[in-house]
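Structure data (mmCIF, N, CA and C atoms) from query28.cif:
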data_structure
loop_
_atom_site.label_atom_id
_atom_site.label_comp_id
_atom_site.auth_asym_id
_atom_site.auth_seq_id
_atom_site.Cartn_x
_atom_site.Cartn_y
_atom_site.Cartn_z
N MET M 1 131.36 -35.71 -19.85
CA MET M 1 130.14 -36.41 -19.53
C MET M 1 129.07 -35.44 -19.02
N ARG M 2 129.53 -34.56 -18.13
CA ARG M 2 128.59 -33.59 -17.56
C ARG M 2 128.07 -32.62 -18.62
N LYS M 3 128.96 -32.21 -19.56
CA LYS M 3 128.54 -31.30 -20.63
C LYS M 3 127.51 -31.97 -21.53
N LYS M 4 127.70 -33.25 -21.82
CA LYS M 4 126.75 -33.98 -22.65
C LYS M 4 125.38 -34.07 -21.96
N PHE M 5 125.41 -34.31 -20.66
CA PHE M 5 124.16 -34.40 -19.90
C PHE M 5 123.43 -33.06 -19.91
N LEU M 6 124.16 -31.96 -19.66
CA LEU M 6 123.54 -30.63 -19.68
C LEU M 6 123.01 -30.28 -21.06
N LEU M 7 123.77 -30.61 -22.08
CA LEU M 7 123.34 -30.34 -23.44
C LEU M 7 122.08 -31.13 -23.79
N SER M 8 122.07 -32.41 -23.45
CA SER M 8 120.89 -33.23 -23.77
C SER M 8 119.69 -32.78 -22.94
N SER M 9 119.90 -32.38 -21.70
CA SER M 9 118.80 -31.88 -20.87
C SER M 9 118.23 -30.59 -21.44
N SER M 10 119.10 -29.69 -21.83
CA SER M 10 118.66 -28.42 -22.42
C SER M 10 117.91 -28.65 -23.71
N LEU M 11 118.44 -29.54 -24.53
CA LEU M 11 117.80 -29.85 -25.81
C LEU M 11 116.42 -30.46 -25.60
N SER M 12 116.29 -31.37 -24.63
CA SER M 12 114.99 -31.99 -24.39
C SER M 12 113.99 -30.97 -23.85
N LEU M 13 114.42 -30.03 -23.02
CA LEU M 13 113.52 -28.98 -22.53
C LEU M 13 113.05 -28.08 -23.66
N VAL M 14 113.96 -27.73 -24.56
CA VAL M 14 113.59 -26.91 -25.71
C VAL M 14 112.59 -27.64 -26.58
N LEU M 15 112.83 -28.92 -26.84
CA LEU M 15 111.90 -29.69 -27.67
C LEU M 15 110.52 -29.82 -27.02
N MET M 16 110.50 -30.00 -25.71
CA MET M 16 109.21 -30.07 -25.01
C MET M 16 108.47 -28.74 -25.10
N ALA M 17 109.19 -27.64 -24.96
CA ALA M 17 108.57 -26.32 -25.05
C ALA M 17 108.02 -26.08 -26.45
N LEU M 18 108.79 -26.45 -27.47
CA LEU M 18 108.32 -26.30 -28.84
C LEU M 18 107.10 -27.18 -29.11
N GLY M 19 107.10 -28.38 -28.56
CA GLY M 19 105.94 -29.27 -28.72
C GLY M 19 104.70 -28.68 -28.08
N ALA M 20 104.84 -28.07 -26.92
CA ALA M 20 103.69 -27.46 -26.25
C ALA M 20 103.17 -26.27 -27.04
N ILE M 21 104.08 -25.48 -27.60
CA ILE M 21 103.67 -24.32 -28.40
C ILE M 21 102.97 -24.78 -29.66
N SER M 22 103.49 -25.78 -30.34
CA SER M 22 102.87 -26.24 -31.58
C SER M 22 101.50 -26.86 -31.30
N TYR M 23 101.34 -27.54 -30.16
CA TYR M 23 100.03 -28.09 -29.81
C TYR M 23 99.03 -26.96 -29.59
N ALA M 24 99.45 -25.92 -28.91
CA ALA M 24 98.56 -24.79 -28.63
C ALA M 24 98.17 -24.09 -29.93
N GLU M 25 99.07 -24.03 -30.88
CA GLU M 25 98.78 -23.35 -32.15
C GLU M 25 97.89 -24.18 -33.06
N THR M 26 97.91 -25.50 -32.95
CA THR M 26 97.14 -26.33 -33.86
C THR M 26 95.73 -26.60 -33.37
N LYS M 27 95.40 -26.18 -32.16
CA LYS M 27 94.04 -26.36 -31.65
C LYS M 27 93.09 -25.52 -32.49
N PRO M 28 92.04 -26.12 -33.08
CA PRO M 28 91.16 -25.36 -33.97
C PRO M 28 90.37 -24.27 -33.24
N VAL M 29 90.18 -23.18 -33.94
CA VAL M 29 89.41 -22.06 -33.40
C VAL M 29 87.99 -22.18 -33.94
N THR M 30 87.02 -22.31 -33.03
CA THR M 30 85.62 -22.43 -33.42
C THR M 30 84.87 -21.16 -33.02
N LYS M 31 84.16 -20.59 -33.99
CA LYS M 31 83.32 -19.42 -33.74
C LYS M 31 81.95 -19.70 -34.33
N THR M 32 80.98 -18.87 -33.95
CA THR M 32 79.62 -19.06 -34.47
C THR M 32 79.08 -17.76 -35.04
N HIS M 33 78.25 -17.92 -36.06
CA HIS M 33 77.43 -16.82 -36.59
C HIS M 33 76.03 -17.11 -36.07
N GLN M 34 75.43 -16.18 -35.34
CA GLN M 34 74.12 -16.40 -34.74
C GLN M 34 73.13 -15.38 -35.27
N TYR M 35 72.03 -15.88 -35.82
CA TYR M 35 70.96 -15.05 -36.36
C TYR M 35 69.69 -15.36 -35.59
N ARG M 36 69.04 -14.34 -35.04
CA ARG M 36 67.78 -14.53 -34.32
C ARG M 36 66.77 -13.52 -34.85
N CYS M 37 65.64 -14.03 -35.37
CA CYS M 37 64.61 -13.13 -35.90
C CYS M 37 64.08 -12.22 -34.81
N THR M 38 63.93 -10.94 -35.14
CA THR M 38 63.50 -9.96 -34.14
C THR M 38 62.18 -9.31 -34.48
N ASP M 39 61.76 -9.33 -35.74
CA ASP M 39 60.50 -8.64 -36.06
C ASP M 39 59.33 -9.61 -36.18
N ARG M 40 59.36 -10.51 -37.09
CA ARG M 40 58.33 -11.55 -37.21
C ARG M 40 59.04 -12.89 -37.17
N ASN M 41 58.32 -13.96 -37.00
CA ASN M 41 58.92 -15.28 -36.84
C ASN M 41 59.98 -15.28 -35.74
N GLN M 42 59.65 -14.68 -34.61
CA GLN M 42 60.63 -14.48 -33.54
C GLN M 42 61.12 -15.76 -32.91
N SER M 43 60.47 -16.87 -33.15
CA SER M 43 60.93 -18.13 -32.56
C SER M 43 61.99 -18.81 -33.43
N LEU M 44 62.35 -18.20 -34.56
CA LEU M 44 63.28 -18.79 -35.51
C LEU M 44 64.68 -18.23 -35.30
N TYR M 45 65.67 -19.13 -35.19
CA TYR M 45 67.06 -18.67 -35.19
C TYR M 45 67.98 -19.71 -35.78
N PHE M 46 69.15 -19.25 -36.20
CA PHE M 46 70.15 -20.06 -36.87
C PHE M 46 71.48 -19.93 -36.15
N VAL M 47 72.21 -21.03 -36.07
CA VAL M 47 73.58 -21.02 -35.55
C VAL M 47 74.45 -21.68 -36.62
N ILE M 48 75.43 -20.92 -37.12
CA ILE M 48 76.35 -21.42 -38.14
C ILE M 48 77.74 -21.50 -37.52
N TYR M 49 78.40 -22.65 -37.67
CA TYR M 49 79.71 -22.87 -37.07
C TYR M 49 80.82 -22.61 -38.08
N GLU M 50 81.88 -22.00 -37.58
CA GLU M 50 83.06 -21.71 -38.37
C GLU M 50 84.27 -22.29 -37.64
N VAL M 51 85.06 -23.09 -38.33
CA VAL M 51 86.25 -23.70 -37.74
C VAL M 51 87.46 -23.22 -38.52
N ASP M 52 88.37 -22.58 -37.83
CA ASP M 52 89.59 -22.03 -38.44
C ASP M 52 89.28 -21.15 -39.65
N GLY M 53 88.24 -20.33 -39.52
CA GLY M 53 87.91 -19.36 -40.56
C GLY M 53 87.09 -19.90 -41.72
N LYS M 54 86.71 -21.18 -41.68
CA LYS M 54 85.92 -21.77 -42.76
C LYS M 54 84.58 -22.23 -42.22
N LEU M 55 83.52 -21.95 -42.97
CA LEU M 55 82.19 -22.39 -42.56
C LEU M 55 82.15 -23.91 -42.53
N ASN M 56 81.49 -24.45 -41.50
CA ASN M 56 81.51 -25.89 -41.30
C ASN M 56 80.12 -26.50 -41.45
N ASN M 57 79.20 -26.13 -40.58
CA ASN M 57 77.82 -26.64 -40.63
C ASN M 57 76.95 -25.68 -39.84
N GLY M 58 75.68 -26.03 -39.69
CA GLY M 58 74.80 -25.17 -38.93
C GLY M 58 73.55 -25.89 -38.49
N GLN M 59 72.79 -25.21 -37.65
CA GLN M 59 71.50 -25.72 -37.19
C GLN M 59 70.45 -24.62 -37.25
N MET M 60 69.21 -25.04 -37.46
CA MET M 60 68.07 -24.13 -37.44
C MET M 60 67.19 -24.53 -36.27
N TYR M 61 66.72 -23.54 -35.53
CA TYR M 61 65.90 -23.76 -34.34
C TYR M 61 64.58 -23.03 -34.48
N VAL M 62 63.51 -23.64 -33.98
CA VAL M 62 62.19 -23.02 -33.86
C VAL M 62 61.71 -23.32 -32.45
N GLU M 63 61.28 -22.28 -31.74
CA GLU M 63 60.83 -22.43 -30.35
C GLU M 63 61.87 -23.17 -29.51
N ASN M 64 63.16 -22.81 -29.71
CA ASN M 64 64.28 -23.39 -28.96
C ASN M 64 64.46 -24.89 -29.16
N MET M 65 63.89 -25.43 -30.21
CA MET M 65 64.09 -26.85 -30.56
C MET M 65 64.80 -26.92 -31.91
N GLN M 66 65.81 -27.77 -31.99
CA GLN M 66 66.51 -27.92 -33.26
C GLN M 66 65.58 -28.65 -34.23
N VAL M 67 65.36 -28.04 -35.40
CA VAL M 67 64.47 -28.64 -36.38
C VAL M 67 65.19 -29.08 -37.65
N ALA M 68 66.44 -28.60 -37.84
CA ALA M 68 67.16 -28.98 -39.06
C ALA M 68 68.65 -28.80 -38.88
N ASN M 69 69.39 -29.68 -39.56
CA ASN M 69 70.83 -29.50 -39.74
C ASN M 69 71.03 -28.84 -41.09
N LEU M 70 72.04 -27.99 -41.18
CA LEU M 70 72.25 -27.20 -42.39
C LEU M 70 73.63 -27.46 -42.99
N THR M 71 73.67 -27.47 -44.31
CA THR M 71 74.92 -27.44 -45.05
C THR M 71 75.13 -25.99 -45.44
N VAL M 72 76.29 -25.44 -45.12
CA VAL M 72 76.49 -24.00 -45.32
C VAL M 72 77.67 -23.74 -46.25
N GLU M 73 77.60 -22.59 -46.92
CA GLU M 73 78.69 -22.12 -47.76
C GLU M 73 78.61 -20.62 -47.87
N GLN M 74 79.73 -20.01 -48.18
CA GLN M 74 79.77 -18.56 -48.36
C GLN M 74 79.12 -18.24 -49.70
N ALA M 75 78.21 -17.28 -49.73
CA ALA M 75 77.52 -16.92 -50.96
C ALA M 75 77.77 -15.45 -51.30
N GLY M 76 78.87 -14.94 -50.88
CA GLY M 76 79.23 -13.53 -51.05
C GLY M 76 79.97 -13.10 -49.81
N SER M 77 80.44 -11.89 -49.81
CA SER M 77 81.26 -11.45 -48.67
C SER M 77 80.44 -11.32 -47.38
N ASP M 78 79.17 -11.01 -47.48
CA ASP M 78 78.35 -10.83 -46.29
C ASP M 78 77.12 -11.73 -46.27
N VAL M 79 77.15 -12.83 -47.01
CA VAL M 79 75.98 -13.71 -47.12
C VAL M 79 76.41 -15.16 -46.92
N ILE M 80 75.64 -15.88 -46.12
CA ILE M 80 75.85 -17.31 -45.93
C ILE M 80 74.64 -18.03 -46.52
N LYS M 81 74.91 -19.02 -47.38
CA LYS M 81 73.86 -19.86 -47.96
C LYS M 81 73.73 -21.08 -47.07
N ALA M 82 72.53 -21.32 -46.53
CA ALA M 82 72.30 -22.43 -45.61
C ALA M 82 71.18 -23.31 -46.17
N LYS M 83 71.53 -24.52 -46.58
CA LYS M 83 70.56 -25.46 -47.16
C LYS M 83 70.23 -26.52 -46.13
N VAL M 84 68.95 -26.82 -45.99
CA VAL M 84 68.50 -27.84 -45.05
C VAL M 84 68.90 -29.21 -45.58
N ASN M 85 69.60 -29.98 -44.74
CA ASN M 85 70.02 -31.33 -45.13
C ASN M 85 68.79 -32.20 -45.37
N GLY M 86 68.81 -32.97 -46.45
CA GLY M 86 67.69 -33.85 -46.77
C GLY M 86 66.64 -33.19 -47.65
N ASN M 87 66.75 -31.90 -47.91
CA ASN M 87 65.80 -31.20 -48.75
C ASN M 87 66.24 -31.34 -50.21
N ALA M 88 65.44 -32.03 -51.01
CA ALA M 88 65.80 -32.28 -52.41
C ALA M 88 65.60 -31.05 -53.29
N ALA M 89 64.77 -30.12 -52.87
CA ALA M 89 64.51 -28.92 -53.67
C ALA M 89 65.74 -28.02 -53.67
N ASN M 90 65.88 -27.24 -54.71
CA ASN M 90 67.01 -26.31 -54.83
C ASN M 90 66.65 -25.00 -54.13
N VAL M 91 66.42 -25.10 -52.82
CA VAL M 91 65.99 -23.98 -51.99
C VAL M 91 66.94 -23.87 -50.80
N ALA M 92 67.28 -22.65 -50.43
CA ALA M 92 68.16 -22.45 -49.28
C ALA M 92 67.87 -21.11 -48.63
N PHE M 93 68.27 -20.99 -47.37
CA PHE M 93 68.19 -19.71 -46.67
C PHE M 93 69.41 -18.88 -47.03
N GLN M 94 69.22 -17.59 -47.17
CA GLN M 94 70.33 -16.66 -47.33
C GLN M 94 70.37 -15.81 -46.07
N LEU M 95 71.49 -15.91 -45.35
CA LEU M 95 71.65 -15.21 -44.08
C LEU M 95 72.64 -14.06 -44.30
N PHE M 96 72.14 -12.84 -44.20
CA PHE M 96 72.95 -11.66 -44.43
C PHE M 96 73.49 -11.14 -43.10
N LYS M 97 74.73 -10.66 -43.09
CA LYS M 97 75.30 -10.09 -41.87
C LYS M 97 74.57 -8.82 -41.45
N SER M 98 73.86 -8.20 -42.36
CA SER M 98 73.05 -7.03 -42.02
C SER M 98 71.83 -7.43 -41.20
N GLY M 99 71.53 -8.75 -41.15
CA GLY M 99 70.42 -9.25 -40.36
C GLY M 99 69.23 -9.72 -41.19
N LYS M 100 69.27 -9.49 -42.48
CA LYS M 100 68.16 -9.92 -43.32
C LYS M 100 68.26 -11.43 -43.55
N ILE M 101 67.15 -12.14 -43.41
CA ILE M 101 67.09 -13.58 -43.69
C ILE M 101 66.07 -13.79 -44.81
N MET M 102 66.50 -14.48 -45.85
CA MET M 102 65.64 -14.72 -47.00
C MET M 102 65.64 -16.21 -47.33
N VAL M 103 64.57 -16.66 -47.96
CA VAL M 103 64.52 -18.00 -48.54
C VAL M 103 64.64 -17.80 -50.05
N ALA M 104 65.60 -18.51 -50.65
CA ALA M 104 65.85 -18.36 -52.07
C ALA M 104 65.57 -19.68 -52.78
N ASN M 105 64.79 -19.59 -53.86
CA ASN M 105 64.54 -20.73 -54.73
C ASN M 105 65.49 -20.56 -55.92
N TYR M 106 66.52 -21.40 -55.99
CA TYR M 106 67.53 -21.26 -57.04
C TYR M 106 67.06 -21.81 -58.38
N GLN M 107 65.93 -22.52 -58.39
CA GLN M 107 65.36 -23.02 -59.64
C GLN M 107 64.68 -21.88 -60.40
N THR M 108 63.92 -21.05 -59.66
CA THR M 108 63.16 -19.97 -60.29
C THR M 108 63.77 -18.59 -60.07
N ASN M 109 64.85 -18.51 -59.30
CA ASN M 109 65.52 -17.26 -58.96
C ASN M 109 64.61 -16.29 -58.20
N ASN M 110 63.72 -16.83 -57.37
CA ASN M 110 62.86 -16.01 -56.52
C ASN M 110 63.41 -16.01 -55.11
N ARG M 111 63.24 -14.87 -54.41
CA ARG M 111 63.63 -14.78 -53.00
C ARG M 111 62.51 -14.10 -52.23
N VAL M 112 62.30 -14.57 -51.00
CA VAL M 112 61.28 -14.01 -50.13
C VAL M 112 61.93 -13.73 -48.78
N GLU M 113 61.70 -12.54 -48.24
CA GLU M 113 62.27 -12.20 -46.94
C GLU M 113 61.47 -12.90 -45.84
N VAL M 114 62.18 -13.59 -44.95
CA VAL M 114 61.57 -14.31 -43.84
C VAL M 114 61.43 -13.38 -42.64
N CYS M 115 62.51 -12.68 -42.32
CA CYS M 115 62.48 -11.77 -41.17
C CYS M 115 63.73 -10.90 -41.17
N GLN M 116 63.72 -9.94 -40.27
CA GLN M 116 64.91 -9.15 -39.96
C GLN M 116 65.45 -9.70 -38.65
N ALA M 117 66.75 -9.98 -38.60
CA ALA M 117 67.31 -10.68 -37.45
C ALA M 117 68.45 -9.89 -36.82
N SER M 118 68.72 -10.22 -35.57
CA SER M 118 69.94 -9.73 -34.94
C SER M 118 71.06 -10.67 -35.37
N TYR M 119 72.26 -10.15 -35.46
CA TYR M 119 73.41 -10.95 -35.89
C TYR M 119 74.52 -10.82 -34.85
N ALA M 120 75.10 -11.95 -34.47
CA ALA M 120 76.23 -11.94 -33.54
C ALA M 120 77.28 -12.92 -34.06
N TYR M 121 78.53 -12.51 -33.96
CA TYR M 121 79.66 -13.35 -34.35
C TYR M 121 80.50 -13.55 -33.11
N LYS M 122 80.47 -14.76 -32.57
CA LYS M 122 81.16 -15.04 -31.31
C LYS M 122 82.12 -16.20 -31.46
#
Would you write out, as structure tokens, the structure that this file holds?
Amino acid sequence: MRKKFLLSSSLSLVLMALGAISYAETKPVTKTHQYRCTDRNQSLYFVIYEVDGKLNNGQMYVENMQVANLTVEQAGSDVIKAKVNGNAANVAFQLFKSGKIMVANYQTNNRVEVCQASYAYK
């Protein structure tokens, strides 16, 4: 009887420990890509969210006010394509990890540089 009690107690402690470890491992990791214009358009910045290594969504700010929600996707190894939600035109921002921010018109294949930005991945 005593051996069964010790065995069941040990087993329940092991299961609780494994449950705690699995909960800690399944908690999503959220990081941000932050772009802030430094040369011109200095009031413009972007925050792109990444959850468990995948781009999720983003926001665009002007004068510290959120002005747009963004749909984001990877557009190359060092480029994030950020499209303003609700914008029917085939236009999006291209955010480069080098700090360059461009507006791209995918209808005409034209791109215009908006600013040079600082980049932080936190």
Asn41 (chain M) surroundings by all atoms listed in the file, 8 Å radius, close-in-sequence under 3 positions cut, as an mmCIF file with N, CA and C atoms, in the coordinates of the input:
data_model
loop_
_atom_site.group_PDB
_atom_site.id
_atom_site.type_symbol
_atom_site.label_atom_id
_atom_site.label_comp_id
_atom_site.auth_asym_id
_atom_site.auth_seq_id
_atom_site.Cartn_x
_atom_site.Cartn_y
_atom_site.Cartn_z
ATOM 1 N N ARG M 36 69.040 -14.340 -35.040
ATOM 2 C CA ARG M 36 67.780 -14.530 -34.320
ATOM 3 C C ARG M 36 66.770 -13.520 -34.850
ATOM 4 N N CYS M 37 65.640 -14.030 -35.370
ATOM 5 C CA CYS M 37 64.610 -13.130 -35.900
ATOM 6 C C CYS M 37 64.080 -12.220 -34.810
ATOM 7 N N THR M 38 63.930 -10.940 -35.140
ATOM 8 C CA THR M 38 63.500 -9.960 -34.140
ATOM 9 C C THR M 38 62.180 -9.310 -34.480
ATOM 10 N N LEU M 44 62.350 -18.200 -34.560
ATOM 11 C CA LEU M 44 63.280 -18.790 -35.510
ATOM 12 C C LEU M 44 64.680 -18.230 -35.300
ATOM 13 N N TYR M 45 65.670 -19.130 -35.190
ATOM 14 C CA TYR M 45 67.060 -18.670 -35.190
ATOM 15 C C TYR M 45 67.980 -19.710 -35.780
ATOM 16 N N VAL M 114 62.180 -13.590 -44.950
ATOM 17 C CA VAL M 114 61.570 -14.310 -43.840
ATOM 18 C C VAL M 114 61.430 -13.380 -42.640
ATOM 19 N N CYS M 115 62.510 -12.680 -42.320
ATOM 20 C CA CYS M 115 62.480 -11.770 -41.170
ATOM 21 C C CYS M 115 63.730 -10.900 -41.170
ATOM 22 N N GLN M 116 63.720 -9.940 -40.270
ATOM 23 C CA GLN M 116 64.910 -9.150 -39.960
ATOM 24 C C GLN M 116 65.450 -9.700 -38.650
#
- request: Could you list the residues chosen by the PyMOL selection byres ((chain M and resi 33) around 6.5) in this structure as a PyMOL selection string?
  value: chain M and resi 31-32+34-35+46-50+120-122
Go ahead and save the picked residues with N, CA and C atoms, as a PDB file, in the frame of the given file.
ATOM      1  N   LYS M  31      84.160 -20.590 -33.990  1.00  0.00           N
ATOM      2  CA  LYS M  31      83.320 -19.420 -33.740  1.00  0.00           C
ATOM      3  C   LYS M  31      81.950 -19.700 -34.330  1.00  0.00           C
ATOM      4  N   THR M  32      80.980 -18.870 -33.950  1.00  0.00           N
ATOM      5  CA  THR M  32      79.620 -19.060 -34.470  1.00  0.00           C
ATOM      6  C   THR M  32      79.080 -17.760 -35.040  1.00  0.00           C
ATOM      7  N   GLN M  34      75.430 -16.180 -35.340  1.00  0.00           N
ATOM      8  CA  GLN M  34      74.120 -16.400 -34.740  1.00  0.00           C
ATOM      9  C   GLN M  34      73.130 -15.380 -35.270  1.00  0.00           C
ATOM     10  N   TYR M  35      72.030 -15.880 -35.820  1.00  0.00           N
ATOM     11  CA  TYR M  35      70.960 -15.050 -36.360  1.00  0.00           C
ATOM     12  C   TYR M  35      69.690 -15.360 -35.590  1.00  0.00           C
ATOM     13  N   PHE M  46      69.150 -19.250 -36.200  1.00  0.00           N
ATOM     14  CA  PHE M  46      70.150 -20.060 -36.870  1.00  0.00           C
ATOM     15  C   PHE M  46      71.480 -19.930 -36.150  1.00  0.00           C
ATOM     16  N   VAL M  47      72.210 -21.030 -36.070  1.00  0.00           N
ATOM     17  CA  VAL M  47      73.580 -21.020 -35.550  1.00  0.00           C
ATOM     18  C   VAL M  47      74.450 -21.680 -36.620  1.00  0.00           C
ATOM     19  N   ILE M  48      75.430 -20.920 -37.120  1.00  0.00           N
ATOM     20  CA  ILE M  48      76.350 -21.420 -38.140  1.00  0.00           C
ATOM     21  C   ILE M  48      77.740 -21.500 -37.520  1.00  0.00           C
ATOM     22  N   TYR M  49      78.400 -22.650 -37.670  1.00  0.00           N
ATOM     23  CA  TYR M  49      79.710 -22.870 -37.070  1.00  0.00           C
ATOM     24  C   TYR M  49      80.820 -22.610 -38.080  1.00  0.00           C
ATOM     25  N   GLU M  50      81.880 -22.000 -37.580  1.00  0.00           N
ATOM     26  CA  GLU M  50      83.060 -21.710 -38.370  1.00  0.00           C
ATOM     27  C   GLU M  50      84.270 -22.290 -37.640  1.00  0.00           C
ATOM     28  N   ALA M 120      75.100 -11.950 -34.470  1.00  0.00           N
ATOM     29  CA  ALA M 120      76.230 -11.940 -33.540  1.00  0.00           C
ATOM     30  C   ALA M 120      77.280 -12.920 -34.060  1.00  0.00           C
ATOM     31  N   TYR M 121      78.530 -12.510 -33.960  1.00  0.00           N
ATOM     32  CA  TYR M 121      79.660 -13.350 -34.350  1.00  0.00           C
ATOM     33  C   TYR M 121      80.500 -13.550 -33.110  1.00  0.00           C
ATOM     34  N   LYS M 122      80.470 -14.760 -32.570  1.00  0.00           N
ATOM     35  CA  LYS M 122      81.160 -15.040 -31.310  1.00  0.00           C
ATOM     36  C   LYS M 122      82.120 -16.200 -31.460  1.00  0.00           C
TER      37      LYS M 122
END
field: Explicit residues for the PyMOL selection byres (((chain M and resi 80-92 and name CA) around 10) and name CA) (as JSON, numbers by chain)
entry: {"M": [33, 46, 48, 55, 57, 58, 59, 60, 67, 68, 69, 70, 71, 72, 73, 74, 75, 76, 77, 78, 79, 93, 94, 95, 96, 97, 101, 102, 103, 104, 105, 106, 107, 108, 109, 110, 111]}
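Separating atom N of Val62 (chain M) from atom C of Gln42 (chain M) is a distance of 8.3 Å.
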- prompt: Please, which residues of region 34-78 of chain M, numbered as in this document, come out strand (DSSP E) from DSSP, as an MDAnalysis selection string?
  reply: chainID M and resid 34:37 44:51 54:62 65:74
Could you dump the residues just selected with N, CA and C atoms as a CSV table (one decimal), in the coordinates of the input?
chain,number,residue,atom,x,y,z
M,34,GLN,N,75.4,-16.2,-35.3
M,34,GLN,CA,74.1,-16.4,-34.7
M,34,GLN,C,73.1,-15.4,-35.3
M,35,TYR,N,72.0,-15.9,-35.8
M,35,TYR,CA,71.0,-15.0,-36.4
M,35,TYR,C,69.7,-15.4,-35.6
M,36,ARG,N,69.0,-14.3,-35.0
M,36,ARG,CA,67.8,-14.5,-34.3
M,36,ARG,C,66.8,-13.5,-34.8
M,37,CYS,N,65.6,-14.0,-35.4
M,37,CYS,CA,64.6,-13.1,-35.9
M,37,CYS,C,64.1,-12.2,-34.8
M,44,LEU,N,62.4,-18.2,-34.6
M,44,LEU,CA,63.3,-18.8,-35.5
M,44,LEU,C,64.7,-18.2,-35.3
M,45,TYR,N,65.7,-19.1,-35.2
M,45,TYR,CA,67.1,-18.7,-35.2
M,45,TYR,C,68.0,-19.7,-35.8
M,46,PHE,N,69.2,-19.2,-36.2
M,46,PHE,CA,70.2,-20.1,-36.9
M,46,PHE,C,71.5,-19.9,-36.2
M,47,VAL,N,72.2,-21.0,-36.1
M,47,VAL,CA,73.6,-21.0,-35.6
M,47,VAL,C,74.4,-21.7,-36.6
M,48,ILE,N,75.4,-20.9,-37.1
M,48,ILE,CA,76.4,-21.4,-38.1
M,48,ILE,C,77.7,-21.5,-37.5
M,49,TYR,N,78.4,-22.6,-37.7
M,49,TYR,CA,79.7,-22.9,-37.1
M,49,TYR,C,80.8,-22.6,-38.1
M,50,GLU,N,81.9,-22.0,-37.6
M,50,GLU,CA,83.1,-21.7,-38.4
M,50,GLU,C,84.3,-22.3,-37.6
M,51,VAL,N,85.1,-23.1,-38.3
M,51,VAL,CA,86.2,-23.7,-37.7
M,51,VAL,C,87.5,-23.2,-38.5
M,54,LYS,N,86.7,-21.2,-41.7
M,54,LYS,CA,85.9,-21.8,-42.8
M,54,LYS,C,84.6,-22.2,-42.2
M,55,LEU,N,83.5,-22.0,-43.0
M,55,LEU,CA,82.2,-22.4,-42.6
M,55,LEU,C,82.2,-23.9,-42.5
M,56,ASN,N,81.5,-24.4,-41.5
M,56,ASN,CA,81.5,-25.9,-41.3
M,56,ASN,C,80.1,-26.5,-41.4
M,57,ASN,N,79.2,-26.1,-40.6
M,57,ASN,CA,77.8,-26.6,-40.6
M,57,ASN,C,77.0,-25.7,-39.8
M,58,GLY,N,75.7,-26.0,-39.7
M,58,GLY,CA,74.8,-25.2,-38.9
M,58,GLY,C,73.6,-25.9,-38.5
M,59,GLN,N,72.8,-25.2,-37.6
M,59,GLN,CA,71.5,-25.7,-37.2
M,59,GLN,C,70.4,-24.6,-37.2
M,60,MET,N,69.2,-25.0,-37.5
M,60,MET,CA,68.1,-24.1,-37.4
M,60,MET,C,67.2,-24.5,-36.3
M,61,TYR,N,66.7,-23.5,-35.5
M,61,TYR,CA,65.9,-23.8,-34.3
M,61,TYR,C,64.6,-23.0,-34.5
M,62,VAL,N,63.5,-23.6,-34.0
M,62,VAL,CA,62.2,-23.0,-33.9
M,62,VAL,C,61.7,-23.3,-32.4
M,65,MET,N,63.9,-25.4,-30.2
M,65,MET,CA,64.1,-26.8,-30.6
M,65,MET,C,64.8,-26.9,-31.9
M,66,GLN,N,65.8,-27.8,-32.0
M,66,GLN,CA,66.5,-27.9,-33.3
M,66,GLN,C,65.6,-28.6,-34.2
M,67,VAL,N,65.4,-28.0,-35.4
M,67,VAL,CA,64.5,-28.6,-36.4
M,67,VAL,C,65.2,-29.1,-37.6
M,68,ALA,N,66.4,-28.6,-37.8
M,68,ALA,CA,67.2,-29.0,-39.1
M,68,ALA,C,68.6,-28.8,-38.9
M,69,ASN,N,69.4,-29.7,-39.6
M,69,ASN,CA,70.8,-29.5,-39.7
M,69,ASN,C,71.0,-28.8,-41.1
M,70,LEU,N,72.0,-28.0,-41.2
M,70,LEU,CA,72.2,-27.2,-42.4
M,70,LEU,C,73.6,-27.5,-43.0
M,71,THR,N,73.7,-27.5,-44.3
M,71,THR,CA,74.9,-27.4,-45.0
M,71,THR,C,75.1,-26.0,-45.4
M,72,VAL,N,76.3,-25.4,-45.1
M,72,VAL,CA,76.5,-24.0,-45.3
M,72,VAL,C,77.7,-23.7,-46.2
M,73,GLU,N,77.6,-22.6,-46.9
M,73,GLU,CA,78.7,-22.1,-47.8
M,73,GLU,C,78.6,-20.6,-47.9
M,74,GLN,N,79.7,-20.0,-48.2
M,74,GLN,CA,79.8,-18.6,-48.4
M,74,GLN,C,79.1,-18.2,-49.7
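Atom pair CA of Pro28 (chain M) / CA of Lys54 (chain M): separated by 10.8 Å.
Atom pair CA of Asp52 (chain M) / CA of Thr30 (chain M): separated by 6.4 Å.
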